[in-house]
Structures are given as C-alpha cells and as structure tokens.
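Participant: You'll find coords.tsv just under this line, and it carries TSV, C-alpha atoms.
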```tsv
chain	number	residue	atom	x	y	z
A	400	MET	CA	6.66	-10.09	26.54
A	401	ALA	CA	5.45	-13.52	25.53
A	402	GLU	CA	8.91	-14.97	26.06
A	403	THR	CA	9.01	-13.91	29.68
A	404	ILE	CA	5.89	-15.84	30.57
A	405	ASN	CA	6.79	-19.08	32.18
A	406	GLN	CA	5.14	-21.63	29.89
A	407	LYS	CA	4.61	-24.17	32.61
A	408	GLN	CA	2.80	-21.63	34.72
A	409	ASN	CA	0.86	-20.59	31.65
A	410	PHE	CA	-0.35	-24.16	31.26
A	411	LEU	CA	-1.13	-24.78	34.92
A	412	LYS	CA	-3.08	-21.57	35.49
A	413	GLY	CA	-5.95	-22.89	33.35
A	414	ILE	CA	-6.26	-25.98	35.50
A	415	VAL	CA	-5.94	-24.53	38.99
A	416	LYS	CA	-5.58	-20.80	39.54
A	417	GLU	CA	-7.87	-19.66	36.72
A	418	ASN	CA	-9.95	-22.78	36.27
A	419	PRO	CA	-12.67	-21.70	33.80
A	420	VAL	CA	-15.50	-23.40	35.68
A	421	PHE	CA	-14.65	-23.39	39.37
A	422	VAL	CA	-12.83	-20.05	39.55
A	423	MET	CA	-13.88	-17.89	36.61
A	424	LEU	CA	-17.37	-19.43	36.28
A	425	LEU	CA	-17.28	-19.19	32.49
A	426	GLY	CA	-19.33	-21.23	30.04
A	427	MET	CA	-22.04	-22.07	32.54
A	428	CYS	CA	-24.65	-23.06	29.95
A	429	PRO	CA	-22.94	-26.24	28.72
A	430	THR	CA	-21.51	-26.84	32.18
A	431	LEU	CA	-24.92	-27.07	33.79
A	432	GLY	CA	-26.76	-28.44	30.78
A	433	VAL	CA	-24.85	-31.54	29.70
A	434	THR	CA	-23.20	-32.81	32.85
A	435	SER	CA	-25.92	-35.30	33.77
A	436	SER	CA	-23.34	-38.08	33.40
A	437	ALA	CA	-19.56	-38.27	33.55
A	438	PHE	CA	-19.34	-39.41	29.93
A	439	ASN	CA	-21.41	-36.48	28.65
A	440	GLY	CA	-19.25	-34.05	30.61
A	441	LEU	CA	-16.11	-35.58	29.17
A	442	GLY	CA	-17.49	-35.47	25.61
A	443	MET	CA	-18.56	-31.86	25.89
A	444	GLY	CA	-15.23	-30.95	27.49
A	445	VAL	CA	-13.21	-32.57	24.71
A	446	ALA	CA	-15.33	-30.92	22.00
A	447	THR	CA	-14.82	-27.54	23.67
A	448	LEU	CA	-11.10	-28.20	24.11
A	449	PHE	CA	-10.77	-28.88	20.39
A	450	VAL	CA	-12.63	-25.71	19.39
A	451	LEU	CA	-10.67	-23.64	21.91
A	452	LEU	CA	-7.34	-24.98	20.66
A	453	MET	CA	-8.14	-24.40	16.98
A	454	SER	CA	-9.60	-20.93	17.53
A	455	ASN	CA	-6.65	-19.87	19.68
A	456	ILE	CA	-4.21	-21.05	17.00
A	457	VAL	CA	-6.02	-19.30	14.16
A	458	VAL	CA	-6.68	-16.10	16.11
A	459	SER	CA	-3.05	-15.80	17.15
A	460	LEU	CA	-1.97	-16.40	13.54
A	461	VAL	CA	-4.21	-13.78	11.97
A	462	LYS	CA	-4.24	-11.27	14.83
A	463	SER	CA	-2.05	-8.73	13.04
A	464	GLN	CA	-4.24	-8.82	9.93
A	465	ILE	CA	-7.49	-7.96	11.69
A	466	PRO	CA	-8.33	-4.30	12.32
A	467	SER	CA	-9.30	-3.98	15.97
A	468	LYS	CA	-12.76	-2.54	15.25
A	469	VAL	CA	-13.91	-5.73	13.54
A	470	ARG	CA	-11.99	-8.21	15.69
A	471	ILE	CA	-15.02	-9.57	17.57
A	472	PRO	CA	-17.03	-10.52	14.44
A	473	ALA	CA	-13.87	-12.00	12.96
A	474	PHE	CA	-13.25	-14.14	16.06
A	475	ILE	CA	-16.87	-15.27	16.12
A	476	ILE	CA	-16.70	-16.38	12.48
A	477	ILE	CA	-13.55	-18.39	13.21
A	478	ILE	CA	-15.09	-20.00	16.31
A	479	ALA	CA	-18.43	-20.70	14.62
A	480	SER	CA	-16.67	-22.40	11.69
A	481	PHE	CA	-14.81	-24.76	14.00
A	482	VAL	CA	-17.95	-25.52	15.99
A	483	THR	CA	-19.82	-26.39	12.81
A	484	ILE	CA	-16.95	-28.65	11.77
A	485	VAL	CA	-17.04	-30.39	15.16
A	486	GLU	CA	-20.80	-30.81	14.86
A	487	MET	CA	-20.62	-32.36	11.40
A	488	VAL	CA	-17.73	-34.66	12.30
A	489	LEU	CA	-19.47	-35.84	15.47
A	490	GLU	CA	-22.73	-36.50	13.66
A	491	ALA	CA	-20.93	-38.46	10.96
A	492	PHE	CA	-18.53	-40.53	13.04
A	493	ILE	CA	-19.70	-40.55	16.69
A	494	PRO	CA	-23.52	-40.40	16.35
A	495	PHE	CA	-23.97	-41.76	19.87
A	496	LEU	CA	-22.23	-38.77	21.45
A	497	TYR	CA	-23.90	-36.40	19.00
A	498	GLU	CA	-27.33	-37.54	20.17
A	499	GLN	CA	-26.39	-37.09	23.81
A	500	LEU	CA	-24.93	-33.60	23.46
A	501	GLY	CA	-27.61	-32.51	21.02
A	502	ILE	CA	-28.30	-28.79	21.14
A	503	PHE	CA	-25.26	-28.00	23.28
A	504	ILE	CA	-22.77	-28.41	20.44
A	505	PRO	CA	-23.98	-25.34	18.48
A	506	LEU	CA	-23.96	-23.50	21.80
A	507	ILE	CA	-20.16	-23.86	22.03
A	508	VAL	CA	-20.13	-20.83	19.71
A	509	VAL	CA	-21.39	-18.59	22.46
A	510	ASN	CA	-19.32	-20.21	25.20
A	511	CYS	CA	-17.67	-17.13	26.63
A	512	LEU	CA	-14.64	-19.19	27.62
A	513	ILE	CA	-13.61	-19.51	23.97
A	514	LEU	CA	-14.25	-15.92	22.93
A	515	GLY	CA	-12.72	-14.80	26.21
A	516	ARG	CA	-9.45	-16.64	25.55
A	517	ALA	CA	-9.37	-15.43	21.94
A	518	GLU	CA	-9.85	-11.84	23.04
A	519	ALA	CA	-7.82	-11.81	26.25
A	520	PHE	CA	-4.95	-14.10	25.32
A	521	ALA	CA	-4.58	-15.31	21.74
A	522	SER	CA	-4.97	-11.86	20.20
A	523	LYS	CA	-2.05	-10.58	22.27
A	524	ASN	CA	0.34	-13.53	22.41
A	525	ASN	CA	2.32	-15.65	19.98
A	526	ILE	CA	1.17	-19.01	18.67
A	527	LEU	CA	3.12	-21.22	21.09
A	528	ALA	CA	1.83	-19.41	24.17
A	529	SER	CA	-1.69	-19.47	22.72
A	530	ILE	CA	-1.57	-23.24	22.17
A	531	ILE	CA	-0.36	-23.82	25.72
A	532	ASP	CA	-3.01	-21.46	27.08
A	533	ALA	CA	-5.73	-23.27	25.12
A	534	LEU	CA	-4.53	-26.68	26.31
A	535	GLY	CA	-4.42	-25.56	29.93
A	536	MET	CA	-7.79	-23.83	29.87
A	537	GLY	CA	-9.38	-26.62	27.83
A	538	LEU	CA	-8.03	-29.29	30.13
A	539	GLY	CA	-9.28	-27.35	33.15
A	540	PHE	CA	-12.72	-27.28	31.49
A	541	VAL	CA	-12.61	-31.01	30.67
A	542	ILE	CA	-11.63	-31.91	34.24
A	543	ALA	CA	-14.28	-29.65	35.75
A	544	LEU	CA	-17.05	-30.99	33.51
A	545	THR	CA	-16.03	-34.61	34.08
A	546	VAL	CA	-15.86	-34.18	37.85
A	547	LEU	CA	-19.22	-32.40	37.91
A	548	GLY	CA	-20.74	-35.06	35.63
A	549	ALA	CA	-19.30	-37.86	37.75
A	550	ALA	CA	-20.61	-36.32	40.98
A	551	ARG	CA	-24.09	-35.92	39.53
A	552	GLU	CA	-24.07	-39.39	38.00
A	553	ILE	CA	-22.94	-41.06	41.24
A	554	LEU	CA	-25.64	-39.32	43.27
A	555	GLY	CA	-28.36	-39.24	40.64
A	556	SER	CA	-28.13	-42.59	38.87
A	557	GLY	CA	-25.90	-44.60	41.17
A	558	SER	CA	-23.40	-45.26	38.43
A	559	ILE	CA	-20.14	-43.94	37.06
A	560	PHE	CA	-19.31	-43.92	33.33
A	561	GLU	CA	-22.53	-45.99	32.89
A	562	LEU	CA	-21.24	-48.67	35.28
A	563	LYS	CA	-24.03	-49.21	37.77
A	564	PHE	CA	-23.06	-50.00	41.33
A	565	VAL	CA	-26.52	-50.07	42.88
A	566	ALA	CA	-29.48	-52.36	42.21
A	567	GLU	CA	-31.50	-51.76	39.04
A	568	ASP	CA	-34.57	-50.34	40.81
A	569	ALA	CA	-32.82	-48.69	43.75
A	570	ASN	CA	-33.92	-45.20	44.73
A	571	THR	CA	-31.28	-42.60	43.86
A	572	PHE	CA	-31.27	-38.83	44.21
A	573	ILE	CA	-32.91	-38.16	40.85
A	574	LEU	CA	-32.73	-34.46	41.74
A	575	PHE	CA	-29.05	-34.51	40.85
A	576	ILE	CA	-29.58	-35.40	37.21
A	577	LEU	CA	-32.27	-32.73	36.91
A	578	PRO	CA	-31.34	-29.07	36.31
A	579	PRO	CA	-31.56	-27.94	39.98
A	580	GLY	CA	-29.09	-30.66	40.92
A	581	ALA	CA	-26.60	-29.15	38.50
A	582	PHE	CA	-26.60	-25.87	40.41
A	583	ILE	CA	-26.34	-27.59	43.80
A	584	ALA	CA	-23.51	-29.88	42.71
A	585	LEU	CA	-21.65	-27.02	41.02
A	586	ALA	CA	-21.91	-24.82	44.11
A	587	TYR	CA	-20.55	-27.48	46.48
A	588	LEU	CA	-17.76	-28.48	44.09
A	589	THR	CA	-16.76	-24.83	43.70
A	590	VAL	CA	-16.54	-24.43	47.46
A	591	LEU	CA	-14.49	-27.59	47.74
A	592	PHE	CA	-12.20	-26.63	44.87
A	593	ASN	CA	-11.50	-23.17	46.22
A	594	LYS	CA	-10.95	-24.46	49.74
A	595	ILE	CA	-8.32	-26.90	48.50
A	596	SER	CA	-6.63	-24.50	46.09
A	597	THR	CA	-6.33	-21.64	48.62
A	598	LYS	CA	-4.90	-24.02	51.21
A	599	THR	CA	-2.17	-25.25	48.89
A	600	THR	CA	-1.06	-21.83	47.62
B	867	MET	CA	4.10	-7.09	12.27
B	868	SER	CA	2.10	-4.04	13.11
B	869	LYS	CA	-1.61	-4.05	13.61
B	870	LYS	CA	-3.69	-3.08	10.56
B	871	LYS	CA	-5.32	0.35	10.71
B	872	ASP	CA	-9.06	0.69	11.14
B	873	THR	CA	-9.69	1.98	7.64
B	874	PHE	CA	-12.92	1.05	5.92
B	875	ILE	CA	-11.19	-0.89	3.18
B	876	ASN	CA	-9.08	-2.86	5.65
B	877	MET	CA	-12.12	-3.92	7.64
B	878	VAL	CA	-14.04	-5.00	4.56
B	879	VAL	CA	-11.12	-6.92	3.11
B	880	SER	CA	-10.24	-8.76	6.31
B	881	LEU	CA	-13.83	-9.79	7.06
B	882	LEU	CA	-14.33	-10.83	3.44
B	883	ALA	CA	-11.19	-12.95	3.49
B	884	ILE	CA	-12.17	-14.66	6.74
B	885	THR	CA	-15.70	-15.45	5.60
B	886	ILE	CA	-14.48	-16.82	2.28
B	887	VAL	CA	-11.95	-19.11	3.96
B	888	ALA	CA	-14.53	-20.20	6.54
B	889	GLY	CA	-17.12	-20.85	3.84
B	890	PHE	CA	-14.80	-22.98	1.75
B	891	SER	CA	-13.53	-25.05	4.67
B	892	LEU	CA	-17.09	-25.69	5.86
B	893	GLY	CA	-18.08	-26.76	2.37
B	894	PHE	CA	-15.13	-29.12	2.27
B	895	VAL	CA	-15.96	-30.76	5.62
B	896	ASN	CA	-19.62	-30.99	4.65
B	897	GLU	CA	-18.61	-32.82	1.49
B	898	LEU	CA	-16.66	-35.31	3.62
B	899	THR	CA	-19.33	-35.92	6.24
B	900	VAL	CA	-22.59	-35.81	4.29
B	901	GLY	CA	-22.18	-39.42	3.15
B	902	PRO	CA	-21.54	-41.01	6.56
B	903	ILE	CA	-24.33	-38.93	8.15
B	904	GLN	CA	-26.88	-40.19	5.62
B	905	LYS	CA	-25.62	-43.75	5.95
B	906	GLY	CA	-25.81	-43.58	9.73
B	907	LYS	CA	-29.39	-42.35	9.63
B	908	ILE	CA	-30.49	-45.20	7.34
B	909	GLU	CA	-28.57	-47.73	9.43
B	910	ARG	CA	-30.27	-46.57	12.62
B	911	LYS	CA	-33.64	-46.88	10.90
B	912	ILE	CA	-32.90	-50.40	9.69
B	913	ASN	CA	-31.72	-51.38	13.17
B	914	ALA	CA	-34.97	-50.06	14.66
B	915	LEU	CA	-36.97	-51.91	12.00
B	916	LYS	CA	-35.14	-55.15	12.75
B	917	LEU	CA	-36.05	-54.75	16.41
B	918	VAL	CA	-39.76	-54.10	15.93
B	919	LEU	CA	-40.57	-56.42	13.04
B	920	PRO	CA	-40.42	-60.19	12.54
B	921	GLU	CA	-37.65	-61.44	10.28
B	922	PHE	CA	-37.83	-60.00	6.75
B	923	ASP	CA	-35.79	-60.25	3.56
B	924	ASN	CA	-36.78	-57.12	1.63
B	925	ASN	CA	-35.55	-53.59	2.24
B	926	PRO	CA	-38.39	-51.73	3.97
B	927	VAL	CA	-36.50	-48.43	3.89
B	928	GLU	CA	-36.61	-48.42	0.09
B	929	ASN	CA	-40.37	-48.75	-0.23
B	930	VAL	CA	-41.43	-46.47	2.55
B	931	LYS	CA	-44.91	-45.04	2.28
B	932	LEU	CA	-45.55	-41.50	3.40
B	933	ILE	CA	-49.12	-40.60	4.17
B	934	LYS	CA	-50.66	-37.41	5.39
B	935	SER	CA	-52.80	-37.61	8.46
B	936	ASP	CA	-54.75	-35.21	10.66
B	937	LEU	CA	-53.20	-36.89	13.70
B	938	ALA	CA	-49.64	-35.68	13.09
B	939	LYS	CA	-48.03	-32.55	11.76
B	940	ASP	CA	-45.62	-34.25	9.39
B	941	SER	CA	-46.54	-37.08	7.10
B	942	VAL	CA	-46.35	-40.49	8.77
B	943	GLU	CA	-43.84	-43.10	7.62
B	944	ILE	CA	-45.04	-46.64	7.05
B	945	TYR	CA	-42.64	-49.51	6.35
B	946	SER	CA	-43.84	-52.90	5.27
B	947	ALA	CA	-41.68	-55.96	5.75
B	948	GLU	CA	-41.87	-58.93	3.43
B	949	MET	CA	-40.52	-62.45	3.61
B	950	GLY	CA	-40.64	-64.13	0.23
B	951	SER	CA	-43.02	-61.40	-1.02
B	952	THR	CA	-45.71	-62.04	1.60
B	953	ASN	CA	-46.32	-59.33	4.14
B	954	VAL	CA	-45.06	-60.38	7.56
B	955	GLY	CA	-45.43	-57.08	9.37
B	956	THR	CA	-45.74	-53.33	9.18
B	957	ALA	CA	-43.89	-50.67	11.13
B	958	VAL	CA	-45.49	-47.28	11.69
B	959	ILE	CA	-43.84	-44.27	13.26
B	960	GLY	CA	-46.18	-42.81	15.83
B	961	SER	CA	-45.63	-39.55	17.65
B	962	SER	CA	-47.11	-37.45	20.38
B	963	GLU	CA	-46.47	-33.85	21.35
B	964	LYS	CA	-47.79	-34.41	24.84
B	965	GLY	CA	-44.62	-35.77	26.40
B	966	PHE	CA	-43.30	-34.12	29.54
B	967	SER	CA	-40.80	-32.16	27.41
B	968	GLY	CA	-42.44	-32.26	24.03
B	969	LEU	CA	-42.22	-34.65	21.15
B	970	ILE	CA	-42.04	-38.40	21.62
B	971	LYS	CA	-41.46	-40.51	18.53
B	972	ILE	CA	-41.82	-44.27	18.59
B	973	MET	CA	-41.72	-47.00	15.98
B	974	VAL	CA	-44.43	-49.60	16.42
B	975	GLY	CA	-44.21	-52.94	14.61
B	976	PHE	CA	-47.51	-54.67	13.84
B	977	LYS	CA	-48.01	-58.29	12.85
B	978	PRO	CA	-50.42	-58.85	9.94
B	979	ASP	CA	-53.24	-59.60	12.44
B	980	GLY	CA	-52.85	-56.13	13.98
B	981	SER	CA	-51.19	-57.12	17.22
B	982	ILE	CA	-48.05	-55.34	18.38
B	983	GLN	CA	-44.78	-57.14	17.73
B	984	ASN	CA	-42.48	-54.66	19.47
B	985	ILE	CA	-42.00	-50.94	20.09
B	986	GLU	CA	-38.81	-48.93	19.82
B	987	VAL	CA	-38.37	-45.34	21.04
B	988	LEU	CA	-36.78	-43.19	18.32
B	989	ASP	CA	-36.86	-39.69	19.74
B	990	GLN	CA	-37.58	-38.33	23.21
B	991	LYS	CA	-36.58	-35.54	25.55
B	992	GLU	CA	-38.07	-36.92	28.75
B	993	THR	CA	-36.60	-36.55	32.22
B	994	PRO	CA	-33.54	-38.77	32.66
B	995	GLY	CA	-34.18	-41.48	35.22
B	996	LEU	CA	-37.97	-41.03	35.16
B	997	GLY	CA	-39.51	-40.66	31.71
B	998	THR	CA	-36.57	-42.25	29.95
B	999	LYS	CA	-37.50	-45.55	31.61
B	1000	MET	CA	-40.05	-45.95	28.79
B	1001	LYS	CA	-37.13	-47.29	26.76
B	1002	ASP	CA	-36.67	-50.15	29.23
B	1003	ASP	CA	-37.76	-53.65	28.42
B	1004	LYS	CA	-39.82	-53.82	31.58
B	1005	PHE	CA	-42.16	-51.10	30.34
B	1006	ILE	CA	-42.36	-52.07	26.68
B	1007	GLU	CA	-42.89	-55.73	27.52
B	1008	GLN	CA	-46.51	-55.08	28.47
B	1009	PHE	CA	-47.34	-54.01	24.91
B	1010	ARG	CA	-45.88	-57.03	23.13
B	1011	GLY	CA	-48.38	-59.37	21.55
B	1012	LYS	CA	-51.29	-57.13	22.53
B	1013	ASN	CA	-53.85	-56.05	19.97
B	1014	PRO	CA	-54.85	-52.39	20.48
B	1015	SER	CA	-58.43	-53.22	19.38
B	1016	THR	CA	-58.85	-55.16	22.64
B	1017	PHE	CA	-56.03	-53.67	24.74
B	1018	ASN	CA	-56.58	-50.12	25.97
B	1019	LEU	CA	-53.32	-48.21	25.48
B	1020	LYS	CA	-54.09	-45.60	28.12
B	1021	PRO	CA	-52.51	-45.76	31.58
B	1022	LYS	CA	-54.56	-47.37	34.37
B	1023	LYS	CA	-55.16	-43.94	35.88
B	1024	ASP	CA	-57.20	-43.07	32.76
B	1025	GLN	CA	-59.17	-46.35	32.80
B	1026	GLY	CA	-56.65	-47.98	30.46
B	1027	GLU	CA	-54.62	-51.14	30.88
B	1028	VAL	CA	-51.04	-49.88	30.92
B	1029	ASP	CA	-48.97	-49.86	34.10
B	1030	ALA	CA	-47.64	-46.31	34.28
B	1031	LEU	CA	-43.98	-45.56	34.93
B	1032	THR	CA	-43.37	-44.43	38.50
B	1033	GLY	CA	-43.36	-40.65	38.58
B	1034	ALA	CA	-43.90	-40.35	34.84
B	1035	THR	CA	-47.61	-40.66	34.16
B	1036	ILE	CA	-47.45	-37.91	31.56
B	1037	THR	CA	-44.79	-39.80	29.64
B	1038	THR	CA	-46.82	-42.99	29.84
B	1039	ARG	CA	-49.90	-41.16	28.58
B	1040	ALA	CA	-47.99	-39.67	25.64
B	1041	PHE	CA	-46.43	-43.04	24.86
B	1042	GLY	CA	-49.88	-44.64	24.76
B	1043	GLU	CA	-51.17	-41.83	22.59
B	1044	ALA	CA	-48.32	-42.26	20.12
B	1045	ALA	CA	-48.91	-46.01	20.00
B	1046	GLN	CA	-52.64	-45.43	19.50
B	1047	MET	CA	-51.91	-43.04	16.65
B	1048	ALA	CA	-49.63	-45.59	15.00
B	1049	TYR	CA	-52.37	-48.21	15.33
B	1050	ASP	CA	-55.09	-45.93	13.91
B	1051	ILE	CA	-52.96	-45.11	10.90
B	1052	TYR	CA	-52.02	-48.74	10.44
B	1053	MET	CA	-55.70	-49.79	10.45
B	1054	LYS	CA	-56.69	-47.01	8.08
B	1055	GLU	CA	-53.85	-47.82	5.75
B	1056	SER	CA	-54.41	-51.58	5.71
B	1057	SER	CA	-58.15	-51.17	5.09
B	1058	THR	CA	-57.52	-48.89	2.11
B	1059	THR	CA	-54.96	-51.25	0.56
B	1060	GLN	CA	-57.33	-54.18	1.05
B	1061	SER	CA	-60.20	-52.40	-0.65
B	1062	LYS	CA	-57.88	-51.50	-3.51
B	1063	ASN	CA	-56.93	-55.15	-3.93
B	1064	GLU	CA	-60.51	-56.34	-4.02
```
What does this structure look like when you write it as structure tokens?

Facilitator:
Amino acid sequence: MAETINQKQNFLKGIVKENPVFVMLLGMCPTLGVTSSAFNGLGMGVATLFVLLMSNIVVSLVKSQIPSKVRIPAFIIIIASFVTIVEMVLEAFIPFLYEQLGIFIPLIVVNCLILGRAEAFASKNNILASIIDALGMGLGFVIALTVLGAAREILGSGSIFELKFVAEDANTFILFILPPGAFIALAYLTVLFNKISTKTT
Amino acid sequence: MSKKKDTFINMVVSLLAITIVAGFSLGFVNELTVGPIQKGKIERKINALKLVLPEFDNNPVENVKLIKSDLAKDSVEIYSAEMGSTNVGTAVIGSSEKGFSGLIKIMVGFKPDGSIQNIEVLDQKETPGLGTKMKDDKFIEQFRGKNPSTFNLKPKKDQGEVDALTGATITTRAFGEAAQMAYDIYMKESSTTQSKNE
C-alpha cells in the first residue's frame, strides 16, 4: 500500500491540507507558549521537526517488533529519549536558544503531533514514506510557528527576527506577546490560512 | 515481517530492549554534553562578573564563598575580585521571589566603599516588553555609583528613590528588594571579615 501513495502528495499534505497547527490544531501548548518572537517559533519548530523525524524513522524501523498492546509506551520511550538528547545538545551548544525555549523543550514529549504521527503513520508505513511524512509535517509545523511568531513579534514588539523597525520607546501592542495575544493571533491566522487553502483547492 | 503476538514474554522483552537502548544512548549523549554545559555555565558567570565588577586579575569563580542567610532559601554566592591581591570589588547574587512571575536573580557588584558598580540580571521570568525592561541600561543606570546606605532602593511609589518601569511596578519592587538583599549580605559579610582580621 505504501508504494501507491504519491510521495509528493505525502510531503505536501503536512504543509497545506493537513497542516498540524492551522488545520489539525495539534501541539497547541508549544505553539501558543513559545511564539512570542519569530526566532523562538523557528527554534521550537526545528527542534520539533528533528524529534519528529527521528521518532518516525525509529518507530517505522521497529514497528514489527513491538506487540500492539505495548506500542504506546514504546513510542513514548523513543520520543522521550530523542527529546532529552535535543535538550542536552541545545544546552551544551546553543545555550542562547535553550534559555529562550526553557520549559517547552521537555514538553515536546507530550506534543500530540509527534505521538500522533508515530501512531497514525509511521507504525503502518515503510521508512521512506515515514521520513517524507515527518519532513512534511515538521516543515508545516516550522512554517506555522514562524509565521505565528513573526505576526506576534511585528504587532507586539515592532520588530522581526529582533530587527526593530519602530523607535525604541514606541508604544506597541504588548498584548500580542502576552498569552491572550497568542490565542487571538492564532485564531486570525487559522481563518486566513483556511480561507486561502480552500480557495486554491 | 509479521507483527509480534501480544504474549507476556514478547511485551516484556520488547519494552526491556527499547529501554536498554534508550538508556545507553542517553548516557552516551550525556557523556558528550556534560563538559560543554559546565563550561558554558562558568563562562556565563565570568561574563556577568566582568560586567558588574571593576577590572580584576584573579579568578573569582574559584574562590566563591557560600553563606547561609535567612533572607534567601538557598545559600548566597559571594565573589570577591582582586587586582594584585588587593580587593577591588565584591559581587553578590541577590534574589527575590516577589517578581511578577516569581524568582528574580541579579548579580550586584559592589566597590570596596559599598557603592554599586553595576547590576546584571541573571534569571527572570517577567512579562516580555514590560518587566524585562529591567535588563535595559536605562533602568540599571540609576543604580550605578549609588550607595544603598544613602540611596533608598525602593520605587518612588513606596517612598524610595528608584524610577519604576512603566507598567511594571511589581518588577521594580522585586528588583529593589533583591538589590537590598545583596547589599545587606555584603555588609554583613564584610563586617565579619573585618572583625576577623582585627
């Protein structure tokens, strides 16, 4: 069955048709929590992409060796190991990003996007399809988080990727870098995204 | 490849194998990263010390003093900087739990006469765009060169002398409290070392 899936479609579905944030609304905790700036969103997205890719690869490799009754604990152990590796590597080599993302890195473990893909896709498909699925879904997540972060940063701090384009003491919509702003920005971006994607299909 | 049956032994073996592999790979990565993490922590501390103290030529991180105090939960770290074996300044880590979102940790550098050389924020969870402005030069500038024995560290709203951050009076209050704590410990510590020397 895996051969019949068009790989290009498999890749693109994660970005547009089944975008994890704007369409499936998965992984809301990191989505709303860390996207106070475009850079944070990008960092969180890339960390999640890495974990998703590795867990999809490993799950699709060992899927036949895991009895189905214990598959969920097995997947969680695999995911948690990769998250811990990401956390240690970030702390050691990119301490700046580690400080920014803080508590949200351990929370990747419970990001339902990753367990969802392991359960719904990688445990049923071969390794190539799983890698492509992870890349598509992960990229969709990265794009969504970066766009959301950028929107909040532009409105909330008057800057993009830390480049300020308003005066130092100008009044900006601070609301948008606070938690309520995350919900508001996410809602409007979701509307916009779905409007555009239904028009084009 | 057919799926393994749900027998008890299969479940135990597969979970055991996964946990063992996971454990070993985590241990391996930990081995690789534990060095750089430690180094990074010390480096950050030295950088903060360089910012809050006058020029020094010893290594303050090596002879750190830890003292217990009723003012803080953990023991307080005190670093003394020397230039040609005379004391040129002391850095004390002050903290306050009364920030808008909990703990605020600052490093305060004192000159030997007790006035503040500079302050550096080490740890904070304040509101971005409001409370985080306490890291800005504009806010910290008003503490430089002031001696807390004559300069009231409380915000003006509480009959102090500090210009509060717009929309972040609680942060300002906690910041002043942390600085005051650092000063109290510094005074206590320097008076005990002086009496020992005499």

Participant: Considering all atoms listed in the file, state which residue in the set B:Asp979, B:Asp1029, B:Asp989, B:Asp1024 is at the smallest distance from B:Ile1006.

Facilitator: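 Under the stated criterion, the closest residue is B:Asp1029.
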
Participant: Just the residues within 9 Å of stretch 416-419 of chain A, please, counting all atoms listed in the file, with nothing from its chain fewer than 2 positions along; format it as a PyMOL selection string.

Facilitator: chain A and resi 411-414+421-426+512+535-537+539-540+543+596

Participant: What's around B:Leu919 at 7 Å? Count all atoms listed in the file, leave out sequence neighbours fewer than 6 positions away in its own chain, and write the answer as a list in words.

Facilitator: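 Listing them by chain and then by number gives Gly955, Ala957, Gly975, Gln983 and Asn984 of chain B.
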
Participant: Env of stretch 1038-1042 of chain B: 12 Å cut, atoms = all atoms listed in the file, seq-sep filter 3 positions within chain, self excluded. Answer as a short mmCIF file (atom, residue, chain, number, x, y, z; two decimals) with C-alpha atoms, in the frame of the given file.

Facilitator:
```
data_model
loop_
_atom_site.label_atom_id
_atom_site.label_comp_id
_atom_site.auth_asym_id
_atom_site.auth_seq_id
_atom_site.Cartn_x
_atom_site.Cartn_y
_atom_site.Cartn_z
CA ILE B 959 -43.84 -44.27 13.26
CA GLY B 960 -46.18 -42.81 15.83
CA SER B 961 -45.63 -39.55 17.65
CA SER B 962 -47.11 -37.45 20.38
CA GLU B 963 -46.47 -33.85 21.35
CA LYS B 964 -47.79 -34.41 24.84
CA GLY B 965 -44.62 -35.77 26.40
CA PHE B 966 -43.30 -34.12 29.54
CA SER B 967 -40.80 -32.16 27.41
CA GLY B 968 -42.44 -32.26 24.03
CA LEU B 969 -42.22 -34.65 21.15
CA ILE B 970 -42.04 -38.40 21.62
CA LYS B 971 -41.46 -40.51 18.53
CA ILE B 972 -41.82 -44.27 18.59
CA MET B 973 -41.72 -47.00 15.98
CA VAL B 974 -44.43 -49.60 16.42
CA ILE B 985 -42.00 -50.94 20.09
CA GLU B 986 -38.81 -48.93 19.82
CA VAL B 987 -38.37 -45.34 21.04
CA LEU B 988 -36.78 -43.19 18.32
CA ASP B 989 -36.86 -39.69 19.74
CA GLN B 990 -37.58 -38.33 23.21
CA GLU B 992 -38.07 -36.92 28.75
CA LEU B 996 -37.97 -41.03 35.16
CA GLY B 997 -39.51 -40.66 31.71
CA THR B 998 -36.57 -42.25 29.95
CA LYS B 999 -37.50 -45.55 31.61
CA MET B 1000 -40.05 -45.95 28.79
CA LYS B 1001 -37.13 -47.29 26.76
CA PHE B 1005 -42.16 -51.10 30.34
CA ILE B 1006 -42.36 -52.07 26.68
CA GLN B 1008 -46.51 -55.08 28.47
CA PHE B 1009 -47.34 -54.01 24.91
CA PRO B 1014 -54.85 -52.39 20.48
CA PHE B 1017 -56.03 -53.67 24.74
CA ASN B 1018 -56.58 -50.12 25.97
CA LEU B 1019 -53.32 -48.21 25.48
CA LYS B 1020 -54.09 -45.60 28.12
CA PRO B 1021 -52.51 -45.76 31.58
CA LYS B 1022 -54.56 -47.37 34.37
CA LYS B 1023 -55.16 -43.94 35.88
CA ASP B 1024 -57.20 -43.07 32.76
CA GLN B 1025 -59.17 -46.35 32.80
CA GLY B 1026 -56.65 -47.98 30.46
CA GLU B 1027 -54.62 -51.14 30.88
CA VAL B 1028 -51.04 -49.88 30.92
CA ASP B 1029 -48.97 -49.86 34.10
CA ALA B 1030 -47.64 -46.31 34.28
CA LEU B 1031 -43.98 -45.56 34.93
CA THR B 1032 -43.37 -44.43 38.50
CA GLY B 1033 -43.36 -40.65 38.58
CA ALA B 1034 -43.90 -40.35 34.84
CA THR B 1035 -47.61 -40.66 34.16
CA ALA B 1045 -48.91 -46.01 20.00
CA GLN B 1046 -52.64 -45.43 19.50
CA MET B 1047 -51.91 -43.04 16.65
CA ALA B 1048 -49.63 -45.59 15.00
CA TYR B 1049 -52.37 -48.21 15.33
#
```

Participant: At a cut-off of 8 Å, using all atoms listed in the file, what residues contact stretch 573-582 of chain A? Leave out same-chain residues fewer than 6 positions from it and give the result as a list in words.

Facilitator: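 The residues satisfying every condition are Leu431, Gly432, Thr434, Ser435, Ser436, Arg551, Glu552, Leu554, Gly555 and Ser556 of chain A; Thr993, Pro994 and Gly995 of chain B.
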
Participant: For A:Val415, which residue among A:Leu448, A:Pro472, A:Ile542, A:Thr571 is the nearest when counting all atoms listed in the file?

Facilitator: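 Ranked by minimum distance to A:Val415, first place goes to A:Ile542.
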
Participant: Using all atoms listed in the file, which residues sit within 10 Å of B:Asn953 once same-chain residues fewer than 6 positions away are excluded, as a ChimeraX atom specification?

Facilitator: /B:922,946-947,977-978
